Amino acid sequence: MNRPIRFSNLERTEKLQCLANEPFDLVVIGGGITGGGIALDAASRGLKVALLEKGDFASGTSSKSTKLIHGGLRYLKQFDFWLVKEVGSERAIVHKLAPHLVLPEKMLLPLIEGGSYGKWLTSIGLKVYDVLAQVTGDDKRQMLDQKEALKLEPLLPKKILNGAGYYAEYRTDDARLTIENIKTSLEFGALALNYAKVTDFVYEEESVAGVVMEDTLSGKNIRVNTKYVISAAGPWVDELRSVNQSKKGKRLHLTKGVHLVFPFEKLPVKQSVYFDIPDGRMMFAIPRGKITYVGTTDTNYNLDKDDIRTDLADAIYLISAVNNMFPDIELEMDDIISSWAGLRPLIHEEGKSASELSRKDEIFTSDTGLISIAGGKLTGYRKMAERVVNRITKKLEEEHQMTVKDCHTDKIALCGSDFKKFKHVKKYIEKVHEQIRTDGFTRYDAWYLVTTYGKQTQQILEDYQLFKNKDNTLRLIRAELKFGIEYEMVCTPMDFFIRRTGRLYFDINNVREYLEPVLDDLKKAYGYDSSQIQVFKEKMQEELDVHSNFSLEREKV
Ligand code: FAD
């Protein structure tokens with residue numbers, strides 16, 4: 001496994017100079033999964049690409065999804081066959097590109113008396129789902145009777161359980177999928193920068209010919225020259241269309257989705273379940289290492305896009321739904337240890353409710369040439385990128401007589417994915433476990449490292465040897481942080497604990513325990529002064545509070 005390309009804020013000055021001085025073929029606005037996918041697609045076709053992200057990579061919706069690479073079973077109900085076919089087929093491709101990061105996950109769909117679907121409809125629905133997504137072999141759906149369903153998930157309500165559907169999906173870590181796409185784009189010459197906000201467009205002969213970018217760490221503004229601009233700004237797409245004075249016709253419709261996290265012991269589901277809730281919607285319960293998470297809600301949202309919170313009402317709604325499906329569980333508010341809330345950047349359709357809106361992506365091109373892409377799913381990011389980059393390559397050929405390669409991202413393994421098959425990932429987890437078990441680490445730790453970093457784990461374990469702390473967990477965290485600073489543009493404790501490692505969601509106590517040494521190492525690496533470190537500390541503590549505290553007291557405040 002080759003070392004990844006250095007990708008560090010320690011070289012920020014050089015990156016800013018390059019942005020200011022070199023002309024680009026394409027500037028991509030937004031470092032979520034859509035922007036990351038576009039940067040990789042375009043750079044791998046030979047375009048000179050700059051990707052600019054106003055916060056940290058994946059700090060928008062792309063770290064707040066249900067983290068499933070799924071075919072969207074529920075879109076069958078809306079007769080969105082095209083969408084189901086596309087994202088269904090994409091699942092297997094994205095799994096192949098990053099088998100350590102996009103893991104097969106069987107889903108159980110309980111058939112409950114009075115539920116949305118009966119046995120017959122579920123059987124047909126799942127069959128159509130398999131056919132559309134070209135699912136083969138053992139992954140094909142099975143229909144289970146009550147006994148079989150209870151064997152897989154004993155917590156289901158026996159009295160009203162008629163059986164279950166059992167079908168194949170994949171799960172991932174959305175923020176990691178985003179950063180690995182961006183890192184892979186660097187291998188093809190892309191330049192990517194976080195904390196780089198596009199504030200305006202530059203025009204030549206009434207066409208977009210560049211962007212004005214604010215380096216939010218220094219406050220400096222830079223003009224970046226480019227032939228074309230794609231805005232993949234997710235929930236912020238309409239804001240940039242307004243800056244471009246092209247917000248007309250279709251517009252975004254933002255809906256909020258919340259997930260809650262419980263210690264695994266409090267919600268010990270043996271496997272992922274997709275279940276009916278009393279208001280006719282469906283939701284997921286997904287076990288993941290030390291925790292189980294549940295979600296999601298789907299409510300209209302018109303408040304601050306940079307401060308999306310889980311409200312008490314969201315928490316109560318989700319807890320009641322879980323308690324309804326798993327009657328022996330009796331979850332309470334105090335059982336919540338973490339949560340996340342994100343915005344779906346959907347396309348508005350008159351008269352449709354949040355849940356009814358299509359998840360299809362759309363591309364808007366303004367009179368001045370700004371191309372915006374919105375809607376869509378995490379799962380379909382690669383195809384979305386292909387579609388929108390095709391528009392650019394056509395223009396490059398027509399307007400600049402450039403010859404551009406066809407899309408071939410279906411053959412570009414993502415960083416860390418040096419595995420031919422999924423069974424090799426499993427073997428690698430065992431190998432890593434052998435390496436670290438004598439230092440007191442468990443199989444979970446090996447699983448965490450491999451499903452987070454893939455083969456890049458080896459580099460982290462080499463750096464682990466450099467640290468001499470008595471506490472081995474601290475040594476490992478410091479090695480991960482070193483990797484994050486040198487190869488993943490980590491600048492703040494939030495970048496590290498939330499987006500690069502998912503610890504805020506999946507191991508929140510670890511954040512509380514190791515915040516101080518992480519701040520120390522960031523201070524050493526970047527020379528931050530004490531007041532900056534204090535700001536980071538307070539911000540991280542606020543994040544811990546916002547994500548885990550839903551007391552009535554806070555709601556009253
Ligand atoms: P974002 O991730 O929001 O990225 C846009 C980026 O643009 C942001 O990082 C933002 O900071 C940046 N930006 C904005 N303005 C500027 C500017 N002026 N300058 C520079 N940068 C800027 N899909 C699935 O396939 N599977 C799921 O399980 C799933 N679950 C979901 C659950 C929930 C609750 C939600 C909300 C969505 C879910 N989705 C799922 C959908 C999926 O998460 C989104 O479609 C996807 O993450 C959107 O990615 P994006 O890159 O378009 O937007």
# chains A, B, ... in the order shown; residues from 1 in each chain; ligands from 1
$ residues_around --residues "Ser372 in chain A" --least-positions-apart "5" --cutoff "12 Å" --atoms "only C-alpha atoms" --output "PyMOL selection string"
chain A and resi 27-30+34-35+38+228-242+244+246-247+250-252+361-367+384-385+387-389+391-392
$ residues_around --residues "Ile286 in chain A" --least-positions-apart "2" --cutoff "7 Å" --atoms "only C-alpha atoms" --output "list in words"
Gln271, Ser272, Val273, Phe284, Arg288, Thr292, Tyr293 and Val294 of chain A
$ write_last_selection --atoms "C-alpha atoms" --output "short mmCIF file (atom, residue, chain, number, x, y, z; two decimals), in the first residue's frame"
data_model
loop_
_atom_site.label_atom_id
_atom_site.label_comp_id
_atom_site.auth_asym_id
_atom_site.auth_seq_id
_atom_site.Cartn_x
_atom_site.Cartn_y
_atom_site.Cartn_z
CA GLN A 271 -29.02 -6.71 13.57
CA SER A 272 -30.27 -3.76 11.51
CA VAL A 273 -34.04 -3.38 11.40
CA PHE A 284 -34.00 2.29 11.05
CA ARG A 288 -22.67 -0.34 15.32
CA THR A 292 -27.07 1.42 18.37
CA TYR A 293 -28.42 4.40 16.44
CA VAL A 294 -31.98 5.03 15.31
#
$ residues_around --residues "Asp56 in chain A" --least-positions-apart "4" --cutoff "8 Å" --atoms "only C-alpha atoms" --output "ChimeraX atom specification"
/A:31,194-195,495
$ write_last_selection --atoms "all heavy atoms" --output "mmCIF file, in the first residue's frame"
data_model
loop_
_atom_site.group_PDB
_atom_site.id
_atom_site.type_symbol
_atom_site.label_atom_id
_atom_site.label_comp_id
_atom_site.auth_asym_id
_atom_site.auth_seq_id
_atom_site.Cartn_x
_atom_site.Cartn_y
_atom_site.Cartn_z
ATOM 1 N N GLY A 31 -17.512 20.699 -0.181
ATOM 2 C CA GLY A 31 -16.744 19.476 0.057
ATOM 3 C C GLY A 31 -17.554 18.439 0.790
ATOM 4 O O GLY A 31 -17.113 17.821 1.750
ATOM 5 N N ASN A 194 -10.229 23.063 2.807
ATOM 6 C CA ASN A 194 -11.352 23.326 3.719
ATOM 7 C C ASN A 194 -11.203 24.734 4.312
ATOM 8 O O ASN A 194 -10.185 25.390 4.135
ATOM 9 C CB ASN A 194 -11.493 22.242 4.803
ATOM 10 C CG ASN A 194 -10.196 21.934 5.533
ATOM 11 O OD1 ASN A 194 -9.174 22.554 5.287
ATOM 12 N ND2 ASN A 194 -10.237 20.957 6.424
ATOM 13 N N TYR A 195 -12.228 25.181 4.998
ATOM 14 C CA TYR A 195 -12.278 26.546 5.544
ATOM 15 C C TYR A 195 -11.992 27.568 4.426
ATOM 16 O O TYR A 195 -11.188 28.487 4.591
ATOM 17 C CB TYR A 195 -11.333 26.679 6.753
ATOM 18 C CG TYR A 195 -11.740 25.687 7.823
ATOM 19 C CD1 TYR A 195 -11.049 24.485 8.010
ATOM 20 C CD2 TYR A 195 -12.883 25.909 8.575
ATOM 21 C CE1 TYR A 195 -11.482 23.542 8.934
ATOM 22 C CE2 TYR A 195 -13.323 24.966 9.510
ATOM 23 C CZ TYR A 195 -12.620 23.794 9.680
ATOM 24 O OH TYR A 195 -13.055 22.867 10.580
ATOM 25 N N ASP A 495 -12.932 18.655 13.640
ATOM 26 C CA ASP A 495 -12.643 17.893 12.406
ATOM 27 C C ASP A 495 -12.283 16.456 12.785
ATOM 28 O O ASP A 495 -12.736 15.499 12.154
ATOM 29 C CB ASP A 495 -11.436 18.480 11.644
ATOM 30 C CG ASP A 495 -11.603 19.945 11.312
ATOM 31 O OD1 ASP A 495 -12.744 20.430 11.371
ATOM 32 O OD2 ASP A 495 -10.590 20.590 10.992
#
$ closest_residue --among "A:Ser185, A:Thr409, A:Ser358, A:Thr255" --to "ligand 1" --atoms "only C-alpha atoms and all ligand atoms"
A:Thr255
$ atom_distance --atom1 "CA of Glu265 in chain A" --atom2 "CA of Leu449 in chain A"
22.3 Å
$ select_by_dssp --residues "range 327-491 of chain A" --states "strand (DSSP E or B)" --output "NGL selection string"
:A and (338-347 or 362-365 or 371-374)
$ closest_residue --among "A:His70, A:Lys48, A:Lys159, A:Lys290" --to "Pro263 in chain A" --atoms "only C-alpha atoms"
A:Lys290
$ closest_residue --among "A:Pro517, A:Pro23, A:Gly60, A:Gly118" --to "ligand 1" --atoms "only C-alpha atoms and all ligand atoms"
A:Gly60
$ residues_around --residues "Ala133 in chain A" --least-positions-apart "6" --cutoff "7 Å" --atoms "only C-alpha atoms" --output "VMD selection string"
chain A and resid 85 88 to 89
$ residues_around --residues "range 301-307 of chain A" --least-positions-apart "2" --cutoff "12 Å" --atoms "only C-alpha atoms" --output "PDB file with N, CA and C atoms, in the first residue's frame"
ATOM      1  N   LYS A  54     -16.460  25.534   2.632  1.00  0.00           N
ATOM      2  CA  LYS A  54     -16.488  26.674   3.567  1.00  0.00           C
ATOM      3  C   LYS A  54     -16.195  26.289   5.025  1.00  0.00           C
ATOM      4  N   GLY A  55     -16.527  25.071   5.393  1.00  0.00           N
ATOM      5  CA  GLY A  55     -16.214  24.603   6.750  1.00  0.00           C
ATOM      6  C   GLY A  55     -15.202  23.481   6.632  1.00  0.00           C
ATOM      7  N   SER A  59     -18.811  18.619   6.521  1.00  0.00           N
ATOM      8  CA  SER A  59     -19.449  19.209   7.706  1.00  0.00           C
ATOM      9  C   SER A  59     -20.920  19.547   7.458  1.00  0.00           C
ATOM     10  N   GLY A  60     -21.387  19.462   6.210  1.00  0.00           N
ATOM     11  CA  GLY A  60     -22.811  19.669   5.919  1.00  0.00           C
ATOM     12  C   GLY A  60     -23.567  18.359   6.106  1.00  0.00           C
ATOM     13  N   THR A  61     -24.446  18.057   5.169  1.00  0.00           N
ATOM     14  CA  THR A  61     -25.284  16.858   5.306  1.00  0.00           C
ATOM     15  C   THR A  61     -24.460  15.570   5.279  1.00  0.00           C
ATOM     16  N   ALA A 233     -23.204  22.711  -3.285  1.00  0.00           N
ATOM     17  CA  ALA A 233     -23.238  23.260  -1.931  1.00  0.00           C
ATOM     18  C   ALA A 233     -24.382  22.700  -1.084  1.00  0.00           C
ATOM     19  N   GLY A 234     -24.999  21.611  -1.522  1.00  0.00           N
ATOM     20  CA  GLY A 234     -26.033  20.944  -0.722  1.00  0.00           C
ATOM     21  C   GLY A 234     -27.114  21.927  -0.303  1.00  0.00           C
ATOM     22  N   PRO A 235     -27.423  22.001   0.998  1.00  0.00           N
ATOM     23  CA  PRO A 235     -28.494  22.892   1.464  1.00  0.00           C
ATOM     24  C   PRO A 235     -28.263  24.369   1.137  1.00  0.00           C
ATOM     25  N   TRP A 236     -27.021  24.731   0.776  1.00  0.00           N
ATOM     26  CA  TRP A 236     -26.689  26.135   0.505  1.00  0.00           C
ATOM     27  C   TRP A 236     -26.738  26.463  -0.995  1.00  0.00           C
ATOM     28  N   VAL A 237     -27.168  25.517  -1.819  1.00  0.00           N
ATOM     29  CA  VAL A 237     -27.164  25.727  -3.271  1.00  0.00           C
ATOM     30  C   VAL A 237     -27.945  26.984  -3.659  1.00  0.00           C
ATOM     31  N   ASP A 238     -29.116  27.187  -3.044  1.00  0.00           N
ATOM     32  CA  ASP A 238     -29.936  28.353  -3.419  1.00  0.00           C
ATOM     33  C   ASP A 238     -29.282  29.665  -3.014  1.00  0.00           C
ATOM     34  N   GLU A 239     -28.515  29.635  -1.907  1.00  0.00           N
ATOM     35  CA  GLU A 239     -27.826  30.863  -1.491  1.00  0.00           C
ATOM     36  C   GLU A 239     -26.846  31.302  -2.572  1.00  0.00           C
ATOM     37  N   LEU A 252     -34.847  24.823  -3.652  1.00  0.00           N
ATOM     38  CA  LEU A 252     -34.646  23.736  -2.691  1.00  0.00           C
ATOM     39  C   LEU A 252     -35.756  23.711  -1.643  1.00  0.00           C
ATOM     40  N   HIS A 253     -35.965  22.536  -1.100  1.00  0.00           N
ATOM     41  CA  HIS A 253     -36.904  22.339  -0.002  1.00  0.00           C
ATOM     42  C   HIS A 253     -36.108  21.526   1.035  1.00  0.00           C
ATOM     43  N   LEU A 254     -35.793  22.175   2.146  1.00  0.00           N
ATOM     44  CA  LEU A 254     -34.939  21.503   3.133  1.00  0.00           C
ATOM     45  C   LEU A 254     -35.777  20.774   4.174  1.00  0.00           C
ATOM     46  N   THR A 255     -35.427  19.523   4.421  1.00  0.00           N
ATOM     47  CA  THR A 255     -36.098  18.822   5.519  1.00  0.00           C
ATOM     48  C   THR A 255     -35.041  18.301   6.482  1.00  0.00           C
ATOM     49  N   LYS A 256     -35.415  18.320   7.763  1.00  0.00           N
ATOM     50  CA  LYS A 256     -34.458  17.918   8.800  1.00  0.00           C
ATOM     51  C   LYS A 256     -34.621  16.444   9.147  1.00  0.00           C
ATOM     52  N   GLY A 257     -33.512  15.762   9.316  1.00  0.00           N
ATOM     53  CA  GLY A 257     -33.535  14.357   9.744  1.00  0.00           C
ATOM     54  C   GLY A 257     -32.641  14.175  10.947  1.00  0.00           C
ATOM     55  N   VAL A 258     -33.181  13.539  11.990  1.00  0.00           N
ATOM     56  CA  VAL A 258     -32.454  13.380  13.248  1.00  0.00           C
ATOM     57  C   VAL A 258     -32.187  11.902  13.527  1.00  0.00           C
ATOM     58  N   THR A 297     -36.093  11.379  11.421  1.00  0.00           N
ATOM     59  CA  THR A 297     -37.285  12.207  11.277  1.00  0.00           C
ATOM     60  C   THR A 297     -37.261  12.828   9.879  1.00  0.00           C
ATOM     61  N   ASP A 298     -38.332  13.499   9.494  1.00  0.00           N
ATOM     62  CA  ASP A 298     -38.376  14.159   8.174  1.00  0.00           C
ATOM     63  C   ASP A 298     -39.341  15.341   8.287  1.00  0.00           C
ATOM     64  N   THR A 299     -38.809  16.498   8.721  1.00  0.00           N
ATOM     65  CA  THR A 299     -39.680  17.663   8.956  1.00  0.00           C
ATOM     66  C   THR A 299     -39.150  18.890   8.213  1.00  0.00           C
ATOM     67  N   ARG A 309     -30.186  21.515  15.074  1.00  0.00           N
ATOM     68  CA  ARG A 309     -30.157  20.795  16.352  1.00  0.00           C
ATOM     69  C   ARG A 309     -31.261  19.759  16.463  1.00  0.00           C
ATOM     70  N   THR A 310     -30.996  18.773  17.275  1.00  0.00           N
ATOM     71  CA  THR A 310     -32.028  17.818  17.646  1.00  0.00           C
ATOM     72  C   THR A 310     -32.873  18.476  18.728  1.00  0.00           C
ATOM     73  N   ASP A 311     -34.180  18.626  18.460  1.00  0.00           N
ATOM     74  CA  ASP A 311     -35.051  19.217  19.482  1.00  0.00           C
ATOM     75  C   ASP A 311     -35.604  18.112  20.383  1.00  0.00           C
ATOM     76  N   TRP A 340     -27.315  13.178  15.966  1.00  0.00           N
ATOM     77  CA  TRP A 340     -26.932  14.139  14.923  1.00  0.00           C
ATOM     78  C   TRP A 340     -28.172  14.533  14.146  1.00  0.00           C
ATOM     79  N   ALA A 341     -28.126  15.732  13.572  1.00  0.00           N
ATOM     80  CA  ALA A 341     -29.266  16.244  12.805  1.00  0.00           C
ATOM     81  C   ALA A 341     -28.727  16.853  11.516  1.00  0.00           C
ATOM     82  N   GLY A 342     -29.346  16.493  10.388  1.00  0.00           N
ATOM     83  CA  GLY A 342     -28.866  17.013   9.096  1.00  0.00           C
ATOM     84  C   GLY A 342     -30.024  17.455   8.218  1.00  0.00           C
ATOM     85  N   LEU A 343     -29.670  18.149   7.148  1.00  0.00           N
ATOM     86  CA  LEU A 343     -30.694  18.666   6.224  1.00  0.00           C
ATOM     87  C   LEU A 343     -30.644  17.954   4.887  1.00  0.00           C
ATOM     88  N   ARG A 344     -31.806  17.520   4.411  1.00  0.00           N
ATOM     89  CA  ARG A 344     -31.878  16.954   3.059  1.00  0.00           C
ATOM     90  C   ARG A 344     -32.066  18.108   2.074  1.00  0.00           C
ATOM     91  N   PRO A 345     -31.152  18.262   1.123  1.00  0.00           N
ATOM     92  CA  PRO A 345     -31.334  19.335   0.142  1.00  0.00           C
ATOM     93  C   PRO A 345     -32.214  18.843  -1.008  1.00  0.00           C
ATOM     94  N   LEU A 346     -33.528  18.821  -0.799  1.00  0.00           N
ATOM     95  CA  LEU A 346     -34.435  18.249  -1.809  1.00  0.00           C
ATOM     96  C   LEU A 346     -34.959  19.340  -2.742  1.00  0.00           C
ATOM     97  N   SER A 353     -45.581  16.801   0.794  1.00  0.00           N
ATOM     98  CA  SER A 353     -45.034  16.883   2.151  1.00  0.00           C
ATOM     99  C   SER A 353     -43.569  16.451   2.116  1.00  0.00           C
ATOM    100  N   ALA A 354     -42.882  16.675   3.264  1.00  0.00           N
ATOM    101  CA  ALA A 354     -41.450  16.362   3.343  1.00  0.00           C
ATOM    102  C   ALA A 354     -41.167  14.927   2.865  1.00  0.00           C
ATOM    103  N   GLU A 542     -19.258  22.562  23.610  1.00  0.00           N
ATOM    104  CA  GLU A 542     -20.613  22.917  23.154  1.00  0.00           C
ATOM    105  C   GLU A 542     -21.169  21.794  22.264  1.00  0.00           C
ATOM    106  N   GLU A 543     -20.315  21.273  21.380  1.00  0.00           N
ATOM    107  CA  GLU A 543     -20.755  20.176  20.492  1.00  0.00           C
ATOM    108  C   GLU A 543     -21.172  18.964  21.328  1.00  0.00           C
ATOM    109  N   VAL A 546     -24.570  19.897  22.856  1.00  0.00           N
ATOM    110  CA  VAL A 546     -25.656  19.967  21.868  1.00  0.00           C
ATOM    111  C   VAL A 546     -26.053  18.569  21.385  1.00  0.00           C
ATOM    112  N   HIS A 547     -25.056  17.691  21.227  1.00  0.00           N
ATOM    113  CA  HIS A 547     -25.351  16.370  20.679  1.00  0.00           C
ATOM    114  C   HIS A 547     -25.900  15.384  21.706  1.00  0.00           C
TER     115      HIS A 547
END
$ atom_distance --atom1 "CA of Asp200 in chain A" --atom2 "CA of Val243 in chain A"
6.5 Å
